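Next up, final.tsv (TSV, N, CA and C atoms):
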```tsv
chain	number	residue	atom	x	y	z
A	20	MET	N	101.09	125.83	109.84
A	20	MET	CA	102.10	124.91	110.35
A	20	MET	C	101.53	124.19	111.57
A	21	ARG	N	101.86	122.93	111.66
A	21	ARG	CA	101.40	122.14	112.79
A	21	ARG	C	102.58	121.44	113.44
A	22	PHE	N	102.40	121.11	114.71
A	22	PHE	CA	103.42	120.38	115.43
A	22	PHE	C	103.46	118.95	114.92
A	23	LEU	N	104.65	118.35	114.99
A	23	LEU	CA	104.83	116.98	114.52
A	23	LEU	C	104.57	115.96	115.62
A	24	ALA	N	103.97	114.84	115.23
A	24	ALA	CA	103.82	113.68	116.10
A	24	ALA	C	104.42	112.49	115.35
A	25	LEU	N	105.07	111.63	116.07
A	25	LEU	CA	105.63	110.42	115.45
A	25	LEU	C	104.58	109.33	115.43
A	26	VAL	N	104.43	108.67	114.30
A	26	VAL	CA	103.54	107.53	114.19
A	26	VAL	C	104.42	106.29	114.31
A	27	ASN	N	104.15	105.53	115.36
A	27	ASN	CA	104.95	104.33	115.64
A	27	ASN	C	104.55	103.19	114.72
A	28	ASP	N	105.36	102.17	114.70
A	28	ASP	CA	105.13	100.99	113.86
A	28	ASP	C	103.78	100.34	114.13
A	29	ASP	N	103.31	100.40	115.37
A	29	ASP	CA	102.01	99.80	115.73
A	29	ASP	C	100.85	100.78	115.55
A	30	HIS	N	101.11	101.88	114.84
A	30	HIS	CA	100.13	102.91	114.49
A	30	HIS	C	99.70	103.79	115.67
A	31	THR	N	100.37	103.68	116.80
A	31	THR	CA	100.12	104.61	117.90
A	31	THR	C	100.94	105.87	117.63
A	32	LYS	N	100.55	106.97	118.27
A	32	LYS	CA	101.27	108.23	118.08
A	32	LYS	C	102.06	108.60	119.32
A	33	THR	N	103.22	109.16	119.10
A	33	THR	CA	103.97	109.80	120.16
A	33	THR	C	103.72	111.29	119.97
A	34	LEU	N	102.91	111.85	120.87
A	34	LEU	CA	102.51	113.25	120.74
A	34	LEU	C	103.65	114.18	121.15
A	35	PRO	N	103.62	115.39	120.62
A	35	PRO	CA	104.65	116.36	121.01
A	35	PRO	C	104.54	116.73	122.48
A	36	GLU	N	105.65	117.07	123.06
A	36	GLU	CA	105.68	117.60	124.42
A	36	GLU	C	106.22	119.01	124.31
A	37	VAL	N	105.29	119.97	124.35
A	37	VAL	CA	105.64	121.37	124.16
A	37	VAL	C	105.23	122.12	125.42
A	38	PRO	N	106.16	122.83	126.06
A	38	PRO	CA	105.83	123.57	127.28
A	38	PRO	C	104.66	124.52	127.06
A	39	GLY	N	103.69	124.44	127.97
A	39	GLY	CA	102.53	125.32	127.91
A	39	GLY	C	101.39	124.82	127.06
A	40	ILE	N	101.57	123.71	126.37
A	40	ILE	CA	100.51	123.18	125.53
A	40	ILE	C	100.15	121.79	126.05
A	41	PRO	N	98.92	121.61	126.52
A	41	PRO	CA	98.53	120.32	127.09
A	41	PRO	C	98.40	119.22	126.03
A	42	ALA	N	98.65	118.00	126.44
A	42	ALA	CA	98.59	116.85	125.52
A	42	ALA	C	97.21	116.70	124.90
A	43	TRP	N	96.14	116.98	125.67
A	43	TRP	CA	94.79	116.83	125.13
A	43	TRP	C	94.57	117.75	123.93
A	44	TYR	N	95.27	118.86	123.88
A	44	TYR	CA	95.13	119.76	122.72
A	44	TYR	C	95.62	119.05	121.46
A	45	PHE	N	96.77	118.40	121.55
A	45	PHE	CA	97.30	117.68	120.40
A	45	PHE	C	96.43	116.48	120.04
A	46	GLU	N	95.89	115.80	121.05
A	46	GLU	CA	95.02	114.65	120.79
A	46	GLU	C	93.75	115.07	120.06
A	47	THR	N	93.27	116.26	120.37
A	47	THR	CA	91.99	116.74	119.84
A	47	THR	C	92.15	117.43	118.49
A	48	THR	N	93.12	118.31	118.38
A	48	THR	CA	93.24	119.13	117.17
A	48	THR	C	94.05	118.46	116.09
A	49	GLY	N	94.78	117.45	116.49
A	49	GLY	CA	95.60	116.76	115.51
A	49	GLY	C	96.98	117.38	115.38
A	50	THR	N	97.83	116.65	114.77
A	50	THR	CA	99.20	117.07	114.55
A	50	THR	C	99.56	116.62	113.15
A	51	LYS	N	100.71	117.02	112.72
A	51	LYS	CA	101.20	116.53	111.43
A	51	LYS	C	101.90	115.20	111.69
A	52	PRO	N	101.36	114.09	111.18
A	52	PRO	CA	101.97	112.79	111.46
A	52	PRO	C	103.26	112.59	110.68
A	53	LEU	N	104.23	112.04	111.34
A	53	LEU	CA	105.51	111.73	110.72
A	53	LEU	C	105.74	110.23	110.88
A	54	ASN	N	105.65	109.51	109.78
A	54	ASN	CA	105.89	108.07	109.80
A	54	ASN	C	107.38	107.81	109.62
A	55	VAL	N	107.95	107.11	110.56
A	55	VAL	CA	109.37	106.81	110.53
A	55	VAL	C	109.53	105.30	110.54
A	56	PRO	N	110.24	104.75	109.57
A	56	PRO	CA	110.45	103.29	109.55
A	56	PRO	C	111.14	102.83	110.84
A	57	PRO	N	110.77	101.65	111.33
A	57	PRO	CA	111.35	101.15	112.58
A	57	PRO	C	112.87	101.10	112.57
A	58	LYS	N	113.47	100.79	111.42
A	58	LYS	CA	114.94	100.69	111.40
A	58	LYS	C	115.61	102.05	111.55
A	59	VAL	N	114.86	103.13	111.34
A	59	VAL	CA	115.41	104.48	111.45
A	59	VAL	C	115.09	105.11	112.81
A	60	MET	N	114.00	104.65	113.41
A	60	MET	CA	113.54	105.22	114.68
A	60	MET	C	114.60	105.06	115.75
A	61	GLY	N	114.81	106.10	116.49
A	61	GLY	CA	115.77	106.07	117.57
A	61	GLY	C	115.83	107.43	118.24
A	62	PRO	N	116.74	107.59	119.20
A	62	PRO	CA	116.84	108.84	119.94
A	62	PRO	C	117.08	110.06	119.05
A	63	LYS	N	117.82	109.88	117.97
A	63	LYS	CA	118.11	111.01	117.08
A	63	LYS	C	116.83	111.54	116.44
A	64	VAL	N	115.96	110.63	116.03
A	64	VAL	CA	114.69	111.04	115.42
A	64	VAL	C	113.85	111.79	116.45
A	65	LEU	N	113.79	111.26	117.66
A	65	LEU	CA	113.03	111.92	118.72
A	65	LEU	C	113.58	113.32	119.00
A	66	GLN	N	114.90	113.45	119.02
A	66	GLN	CA	115.52	114.76	119.24
A	66	GLN	C	115.21	115.71	118.09
A	67	ASP	N	115.25	115.22	116.87
A	67	ASP	CA	114.96	116.06	115.70
A	67	ASP	C	113.52	116.56	115.73
A	68	VAL	N	112.58	115.68	116.07
A	68	VAL	CA	111.18	116.08	116.14
A	68	VAL	C	110.97	117.09	117.26
A	69	LYS	N	111.58	116.84	118.40
A	69	LYS	CA	111.48	117.80	119.51
A	69	LYS	C	112.08	119.14	119.10
A	70	GLY	N	113.20	119.12	118.41
A	70	GLY	CA	113.82	120.36	117.93
A	70	GLY	C	112.92	121.11	116.98
A	71	TYR	N	112.25	120.39	116.07
A	71	TYR	CA	111.31	121.02	115.15
A	71	TYR	C	110.17	121.67	115.91
A	72	ASN	N	109.57	120.92	116.84
A	72	ASN	CA	108.43	121.45	117.60
A	72	ASN	C	108.84	122.65	118.45
A	73	ASP	N	110.02	122.60	119.06
A	73	ASP	CA	110.52	123.74	119.84
A	73	ASP	C	110.74	124.95	118.95
A	74	ALA	N	111.32	124.73	117.76
A	74	ALA	CA	111.56	125.82	116.82
A	74	ALA	C	110.24	126.42	116.33
A	75	LEU	N	109.24	125.58	116.10
A	75	LEU	CA	107.94	126.07	115.67
A	75	LEU	C	107.32	126.95	116.75
A	76	LEU	N	107.42	126.55	118.01
A	76	LEU	CA	106.89	127.37	119.10
A	76	LEU	C	107.64	128.70	119.19
A	77	ARG	N	108.96	128.66	119.05
A	77	ARG	CA	109.74	129.92	119.06
A	77	ARG	C	109.31	130.83	117.92
A	78	GLN	N	109.07	130.25	116.75
A	78	GLN	CA	108.66	131.04	115.59
A	78	GLN	C	107.28	131.66	115.82
A	79	ILE	N	106.37	130.90	116.40
A	79	ILE	CA	105.03	131.43	116.71
A	79	ILE	C	105.16	132.61	117.66
A	80	LYS	N	106.00	132.46	118.68
A	80	LYS	CA	106.21	133.54	119.64
A	80	LYS	C	106.87	134.75	118.97
A	81	ALA	N	107.89	134.51	118.15
A	81	ALA	CA	108.61	135.60	117.49
A	81	ALA	C	107.71	136.39	116.54
A	82	GLN	N	106.75	135.71	115.94
A	82	GLN	CA	105.83	136.37	115.01
A	82	GLN	C	104.67	137.05	115.75
A	83	GLY	N	104.67	136.96	117.06
A	83	GLY	CA	103.61	137.57	117.85
A	83	GLY	C	102.27	136.88	117.70
A	84	LYS	N	102.31	135.57	117.41
A	84	LYS	CA	101.07	134.83	117.18
A	84	LYS	C	100.75	133.84	118.30
A	85	LEU	N	101.45	133.95	119.41
A	85	LEU	CA	101.20	133.02	120.51
A	85	LEU	C	99.76	133.16	121.01
A	86	HIS	N	99.25	134.39	121.00
A	86	HIS	CA	97.87	134.60	121.48
A	86	HIS	C	96.86	133.81	120.64
A	87	ILE	N	97.14	133.61	119.37
A	87	ILE	CA	96.24	132.83	118.51
A	87	ILE	C	96.22	131.37	118.97
A	88	LEU	N	97.40	130.85	119.26
A	88	LEU	CA	97.50	129.48	119.75
A	88	LEU	C	96.81	129.36	121.11
A	89	GLU	N	97.03	130.33	122.00
A	89	GLU	CA	96.41	130.30	123.32
A	89	GLU	C	94.88	130.38	123.22
A	90	GLU	N	94.38	131.20	122.29
A	90	GLU	CA	92.94	131.31	122.09
A	90	GLU	C	92.37	129.99	121.57
A	91	ASP	N	93.10	129.32	120.69
A	91	ASP	CA	92.63	128.04	120.17
A	91	ASP	C	92.63	126.98	121.26
A	92	ILE	N	93.64	126.98	122.11
A	92	ILE	CA	93.68	126.04	123.23
A	92	ILE	C	92.47	126.27	124.14
A	93	ALA	N	92.16	127.55	124.42
A	93	ALA	CA	91.01	127.88	125.28
A	93	ALA	C	89.71	127.43	124.62
A	94	ARG	N	89.61	127.61	123.30
A	94	ARG	CA	88.40	127.20	122.57
A	94	ARG	C	88.21	125.69	122.65
A	95	VAL	N	89.29	124.95	122.41
A	95	VAL	CA	89.22	123.49	122.45
A	95	VAL	C	88.89	123.02	123.86
A	96	ARG	N	89.50	123.66	124.87
A	96	ARG	CA	89.21	123.30	126.27
A	96	ARG	C	87.72	123.47	126.55
A	97	ALA	N	87.15	124.61	126.15
A	97	ALA	CA	85.73	124.87	126.40
A	97	ALA	C	84.85	123.83	125.71
A	98	GLU	N	85.19	123.47	124.48
A	98	GLU	CA	84.41	122.46	123.76
A	98	GLU	C	84.49	121.11	124.45
A	99	LEU	N	85.68	120.72	124.86
A	99	LEU	CA	85.86	119.43	125.53
A	99	LEU	C	85.13	119.40	126.87
A	100	GLU	N	85.20	120.51	127.61
A	100	GLU	CA	84.52	120.57	128.90
A	100	GLU	C	83.01	120.52	128.73
A	101	SER	N	82.48	121.20	127.72
A	101	SER	CA	81.03	121.20	127.51
A	101	SER	C	80.54	119.83	127.05
A	102	ASP	N	81.37	119.09	126.37
A	102	ASP	CA	81.01	117.73	125.93
A	102	ASP	C	81.28	116.68	127.02
A	103	GLY	N	81.91	117.10	128.10
A	103	GLY	CA	82.23	116.17	129.18
A	103	GLY	C	83.44	115.31	128.93
A	104	ARG	N	84.21	115.64	127.87
A	104	ARG	CA	85.40	114.83	127.56
A	104	ARG	C	86.63	115.32	128.31
A	105	LEU	N	86.50	116.47	128.96
A	105	LEU	CA	87.60	117.01	129.74
A	105	LEU	C	87.01	117.56	131.02
A	106	GLN	N	87.61	117.17	132.14
A	106	GLN	CA	87.11	117.63	133.42
A	106	GLN	C	87.32	119.13	133.55
A	107	LYS	N	86.31	119.84	134.04
A	107	LYS	CA	86.42	121.29	134.18
A	107	LYS	C	87.47	121.63	135.22
A	108	THR	N	88.23	122.67	134.91
A	108	THR	CA	89.23	123.17	135.85
A	108	THR	C	89.01	124.66	136.03
A	109	ASN	N	89.49	125.17	137.13
A	109	ASN	CA	89.35	126.63	137.39
A	109	ASN	C	90.48	127.40	136.79
```

For this file, produce the structure as structure tokens.
Amino acid sequence: MRFLALVNDDHTKTLPEVPGIPAWYFETTGTKPLNVPPKVMGPKVLQDVKGYNDALLRQIKAQGKLHILEEDIARVRAELESDGRLQKTN
């Protein structure tokens, strides 16, 4: 399962905002794109996508798999820092 990102009419993405998960993680690892027609796009769609992403995070935590996600975030961070695409942090 992957977090959802909205693909806008101009082909830009609205990345998920999930507490504890940095935006660069979603930019790098990808998300499940959700194309929504402009006539349907609105606050309700944004709320639904946020609700899905929040529920997915709760499910990951409930299944005891948060450590897998945290390990993947750490792996991606290390790769980005070694390539110079992400500034090193302590």

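Atom to atom, atom C of Asp102 (chain A) and CA of Leu88 (chain A) stand 21.9 Å apart.
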
Inset, instruction - Determine which residues of region 50-98 of chain A DSSP labels as helix (DSSP H, G or I) from the backbone of this structure, then write them out as a PyMOL selection string. - result: chain A and resi 62-81+85-98

Legend entry - Shortest interatomic distance to Asp28 (chain A) - which of A:Pro57, A:Glu100, A:Ile87, A:Ile79, counting only N, CA and C atoms: A:Pro57

Inset, instruction - Would you list, as an MDAnalysis selection string, the residues of chain A that end up in strand (DSSP E or B) under DSSP run on this structure's backbone? - result: chainID A and resid 23:26 32:33 37 40 51:54

Inset, instruction - Excluding Leu75 (chain A) and any residue of its chain fewer than 6 positions from it, enumerate the residues within 8 Å of it, using only N, CA and C atoms, and give them as a ChimeraX atom specification. - result: /A:20-22,69,81

Store the residues picked out above in a file with N, CA and C atoms, as a PDB file, in the frame of the given file.
```pdb
ATOM      1  N   MET A  20     101.090 125.830 109.840  1.00  0.00           N
ATOM      2  CA  MET A  20     102.100 124.910 110.350  1.00  0.00           C
ATOM      3  C   MET A  20     101.530 124.190 111.570  1.00  0.00           C
ATOM      4  N   ARG A  21     101.860 122.930 111.660  1.00  0.00           N
ATOM      5  CA  ARG A  21     101.400 122.140 112.790  1.00  0.00           C
ATOM      6  C   ARG A  21     102.580 121.440 113.440  1.00  0.00           C
ATOM      7  N   PHE A  22     102.400 121.110 114.710  1.00  0.00           N
ATOM      8  CA  PHE A  22     103.420 120.380 115.430  1.00  0.00           C
ATOM      9  C   PHE A  22     103.460 118.950 114.920  1.00  0.00           C
ATOM     10  N   LYS A  69     111.580 116.840 118.400  1.00  0.00           N
ATOM     11  CA  LYS A  69     111.480 117.800 119.510  1.00  0.00           C
ATOM     12  C   LYS A  69     112.080 119.140 119.100  1.00  0.00           C
ATOM     13  N   ALA A  81     107.890 134.510 118.150  1.00  0.00           N
ATOM     14  CA  ALA A  81     108.610 135.600 117.490  1.00  0.00           C
ATOM     15  C   ALA A  81     107.710 136.390 116.540  1.00  0.00           C
TER      16      ALA A  81
END
```

Which neighbours of Leu25 (chain A) fall inside 12 Å, counting only C-alpha atoms, when residues of the same chain fewer than 6 positions from it are skipped, and could you give them as a PDB file with N, CA and C atoms, in the coordinates of the input?
```
ATOM      1  N   THR A  31     100.370 103.680 116.800  1.00  0.00           N
ATOM      2  CA  THR A  31     100.120 104.610 117.900  1.00  0.00           C
ATOM      3  C   THR A  31     100.940 105.870 117.630  1.00  0.00           C
ATOM      4  N   LYS A  32     100.550 106.970 118.270  1.00  0.00           N
ATOM      5  CA  LYS A  32     101.270 108.230 118.080  1.00  0.00           C
ATOM      6  C   LYS A  32     102.060 108.600 119.320  1.00  0.00           C
ATOM      7  N   THR A  33     103.220 109.160 119.100  1.00  0.00           N
ATOM      8  CA  THR A  33     103.970 109.800 120.160  1.00  0.00           C
ATOM      9  C   THR A  33     103.720 111.290 119.970  1.00  0.00           C
ATOM     10  N   LEU A  34     102.910 111.850 120.870  1.00  0.00           N
ATOM     11  CA  LEU A  34     102.510 113.250 120.740  1.00  0.00           C
ATOM     12  C   LEU A  34     103.650 114.180 121.150  1.00  0.00           C
ATOM     13  N   PRO A  35     103.620 115.390 120.620  1.00  0.00           N
ATOM     14  CA  PRO A  35     104.650 116.360 121.010  1.00  0.00           C
ATOM     15  C   PRO A  35     104.540 116.730 122.480  1.00  0.00           C
ATOM     16  N   GLU A  36     105.650 117.070 123.060  1.00  0.00           N
ATOM     17  CA  GLU A  36     105.680 117.600 124.420  1.00  0.00           C
ATOM     18  C   GLU A  36     106.220 119.010 124.310  1.00  0.00           C
ATOM     19  N   GLY A  49      94.780 117.450 116.490  1.00  0.00           N
ATOM     20  CA  GLY A  49      95.600 116.760 115.510  1.00  0.00           C
ATOM     21  C   GLY A  49      96.980 117.380 115.380  1.00  0.00           C
ATOM     22  N   THR A  50      97.830 116.650 114.770  1.00  0.00           N
ATOM     23  CA  THR A  50      99.200 117.070 114.550  1.00  0.00           C
ATOM     24  C   THR A  50      99.560 116.620 113.150  1.00  0.00           C
ATOM     25  N   LYS A  51     100.710 117.020 112.720  1.00  0.00           N
ATOM     26  CA  LYS A  51     101.200 116.530 111.430  1.00  0.00           C
ATOM     27  C   LYS A  51     101.900 115.200 111.690  1.00  0.00           C
ATOM     28  N   PRO A  52     101.360 114.090 111.180  1.00  0.00           N
ATOM     29  CA  PRO A  52     101.970 112.790 111.460  1.00  0.00           C
ATOM     30  C   PRO A  52     103.260 112.590 110.680  1.00  0.00           C
ATOM     31  N   LEU A  53     104.230 112.040 111.340  1.00  0.00           N
ATOM     32  CA  LEU A  53     105.510 111.730 110.720  1.00  0.00           C
ATOM     33  C   LEU A  53     105.740 110.230 110.880  1.00  0.00           C
ATOM     34  N   ASN A  54     105.650 109.510 109.780  1.00  0.00           N
ATOM     35  CA  ASN A  54     105.890 108.070 109.800  1.00  0.00           C
ATOM     36  C   ASN A  54     107.380 107.810 109.620  1.00  0.00           C
ATOM     37  N   VAL A  55     107.950 107.110 110.560  1.00  0.00           N
ATOM     38  CA  VAL A  55     109.370 106.810 110.530  1.00  0.00           C
ATOM     39  C   VAL A  55     109.530 105.300 110.540  1.00  0.00           C
ATOM     40  N   PRO A  56     110.240 104.750 109.570  1.00  0.00           N
ATOM     41  CA  PRO A  56     110.450 103.290 109.550  1.00  0.00           C
ATOM     42  C   PRO A  56     111.140 102.830 110.840  1.00  0.00           C
ATOM     43  N   PRO A  57     110.770 101.650 111.330  1.00  0.00           N
ATOM     44  CA  PRO A  57     111.350 101.150 112.580  1.00  0.00           C
ATOM     45  C   PRO A  57     112.870 101.100 112.570  1.00  0.00           C
ATOM     46  N   MET A  60     114.000 104.650 113.410  1.00  0.00           N
ATOM     47  CA  MET A  60     113.540 105.220 114.680  1.00  0.00           C
ATOM     48  C   MET A  60     114.600 105.060 115.750  1.00  0.00           C
ATOM     49  N   GLY A  61     114.810 106.100 116.490  1.00  0.00           N
ATOM     50  CA  GLY A  61     115.770 106.070 117.570  1.00  0.00           C
ATOM     51  C   GLY A  61     115.830 107.430 118.240  1.00  0.00           C
ATOM     52  N   VAL A  64     115.960 110.630 116.030  1.00  0.00           N
ATOM     53  CA  VAL A  64     114.690 111.040 115.420  1.00  0.00           C
ATOM     54  C   VAL A  64     113.850 111.790 116.450  1.00  0.00           C
ATOM     55  N   LEU A  65     113.790 111.260 117.660  1.00  0.00           N
ATOM     56  CA  LEU A  65     113.030 111.920 118.720  1.00  0.00           C
ATOM     57  C   LEU A  65     113.580 113.320 119.000  1.00  0.00           C
ATOM     58  N   GLN A  66     114.900 113.450 119.020  1.00  0.00           N
ATOM     59  CA  GLN A  66     115.520 114.760 119.240  1.00  0.00           C
ATOM     60  C   GLN A  66     115.210 115.710 118.090  1.00  0.00           C
ATOM     61  N   ASP A  67     115.250 115.220 116.870  1.00  0.00           N
ATOM     62  CA  ASP A  67     114.960 116.060 115.700  1.00  0.00           C
ATOM     63  C   ASP A  67     113.520 116.560 115.730  1.00  0.00           C
ATOM     64  N   VAL A  68     112.580 115.680 116.070  1.00  0.00           N
ATOM     65  CA  VAL A  68     111.180 116.080 116.140  1.00  0.00           C
ATOM     66  C   VAL A  68     110.970 117.090 117.260  1.00  0.00           C
ATOM     67  N   LYS A  69     111.580 116.840 118.400  1.00  0.00           N
ATOM     68  CA  LYS A  69     111.480 117.800 119.510  1.00  0.00           C
ATOM     69  C   LYS A  69     112.080 119.140 119.100  1.00  0.00           C
ATOM     70  N   ASN A  72     109.570 120.920 116.840  1.00  0.00           N
ATOM     71  CA  ASN A  72     108.430 121.450 117.600  1.00  0.00           C
ATOM     72  C   ASN A  72     108.840 122.650 118.450  1.00  0.00           C
TER      73      ASN A  72
END
```

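Separating CA of Gly39 (chain A) from CA of Leu85 (chain A) is a distance of 10.8 Å.
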
Inset, instruction - Please indicate the distance in Å from CA of Leu105 (chain A) to CA of Trp43 (chain A), rounded to one decimal place. - result: 8.5 Å

How would region 84-93 of chain A read, as a short mmCIF file (atom, residue, chain, number, x, y, z; two decimals), in the coordinates of the input, once all heavy atoms are built in?
```
data_model
loop_
_atom_site.label_atom_id
_atom_site.label_comp_id
_atom_site.auth_asym_id
_atom_site.auth_seq_id
_atom_site.Cartn_x
_atom_site.Cartn_y
_atom_site.Cartn_z
N LYS A 84 102.31 135.57 117.41
CA LYS A 84 101.07 134.83 117.18
C LYS A 84 100.75 133.84 118.30
O LYS A 84 99.85 133.01 118.15
CB LYS A 84 101.15 134.08 115.84
CG LYS A 84 101.24 135.04 114.67
CD LYS A 84 101.27 134.31 113.36
CE LYS A 84 101.35 135.31 112.20
NZ LYS A 84 101.38 134.65 110.91
N LEU A 85 101.45 133.95 119.41
CA LEU A 85 101.20 133.02 120.51
C LEU A 85 99.76 133.16 121.01
O LEU A 85 99.13 132.17 121.38
CB LEU A 85 102.19 133.23 121.64
CG LEU A 85 102.08 132.26 122.82
CD1 LEU A 85 102.31 130.83 122.36
CD2 LEU A 85 103.05 132.62 123.92
N HIS A 86 99.25 134.39 121.00
CA HIS A 86 97.87 134.60 121.48
C HIS A 86 96.86 133.81 120.64
O HIS A 86 95.85 133.35 121.16
CB HIS A 86 97.52 136.09 121.50
CG HIS A 86 97.39 136.69 120.13
ND1 HIS A 86 98.48 137.04 119.36
CD2 HIS A 86 96.30 136.97 119.39
CE1 HIS A 86 98.06 137.52 118.20
NE2 HIS A 86 96.73 137.49 118.19
N ILE A 87 97.14 133.61 119.37
CA ILE A 87 96.24 132.83 118.51
C ILE A 87 96.22 131.37 118.97
O ILE A 87 95.16 130.76 119.08
CB ILE A 87 96.65 132.94 117.03
CG1 ILE A 87 96.51 134.38 116.56
CG2 ILE A 87 95.85 131.99 116.16
CD1 ILE A 87 97.11 134.64 115.19
N LEU A 88 97.40 130.85 119.26
CA LEU A 88 97.50 129.48 119.75
C LEU A 88 96.81 129.36 121.11
O LEU A 88 96.05 128.42 121.35
CB LEU A 88 98.96 129.05 119.85
CG LEU A 88 99.25 127.65 120.36
CD1 LEU A 88 98.60 126.58 119.48
CD2 LEU A 88 100.76 127.41 120.42
N GLU A 89 97.03 130.33 122.00
CA GLU A 89 96.41 130.30 123.32
C GLU A 89 94.88 130.38 123.22
O GLU A 89 94.16 129.70 123.95
CB GLU A 89 96.95 131.44 124.18
CG GLU A 89 98.40 131.27 124.55
CD GLU A 89 99.03 132.49 125.19
OE1 GLU A 89 98.55 133.62 124.95
OE2 GLU A 89 100.01 132.31 125.92
N GLU A 90 94.38 131.20 122.29
CA GLU A 90 92.94 131.31 122.09
C GLU A 90 92.37 129.99 121.57
O GLU A 90 91.28 129.58 121.96
CB GLU A 90 92.61 132.45 121.12
CG GLU A 90 92.88 133.81 121.69
CD GLU A 90 92.84 134.92 120.65
OE1 GLU A 90 92.53 134.67 119.46
OE2 GLU A 90 93.14 136.07 121.03
N ASP A 91 93.10 129.32 120.69
CA ASP A 91 92.63 128.04 120.17
C ASP A 91 92.63 126.98 121.26
O ASP A 91 91.70 126.17 121.34
CB ASP A 91 93.48 127.60 118.97
CG ASP A 91 92.82 126.49 118.19
OD1 ASP A 91 91.60 126.62 117.88
OD2 ASP A 91 93.49 125.49 117.88
N ILE A 92 93.64 126.98 122.11
CA ILE A 92 93.68 126.04 123.23
C ILE A 92 92.47 126.27 124.14
O ILE A 92 91.81 125.33 124.56
CB ILE A 92 95.01 126.15 124.01
CG1 ILE A 92 96.17 125.65 123.14
CG2 ILE A 92 94.94 125.39 125.33
CD1 ILE A 92 97.55 125.94 123.71
N ALA A 93 92.16 127.55 124.42
CA ALA A 93 91.01 127.88 125.28
C ALA A 93 89.71 127.43 124.62
O ALA A 93 88.80 126.91 125.28
CB ALA A 93 90.98 129.37 125.57
#
```
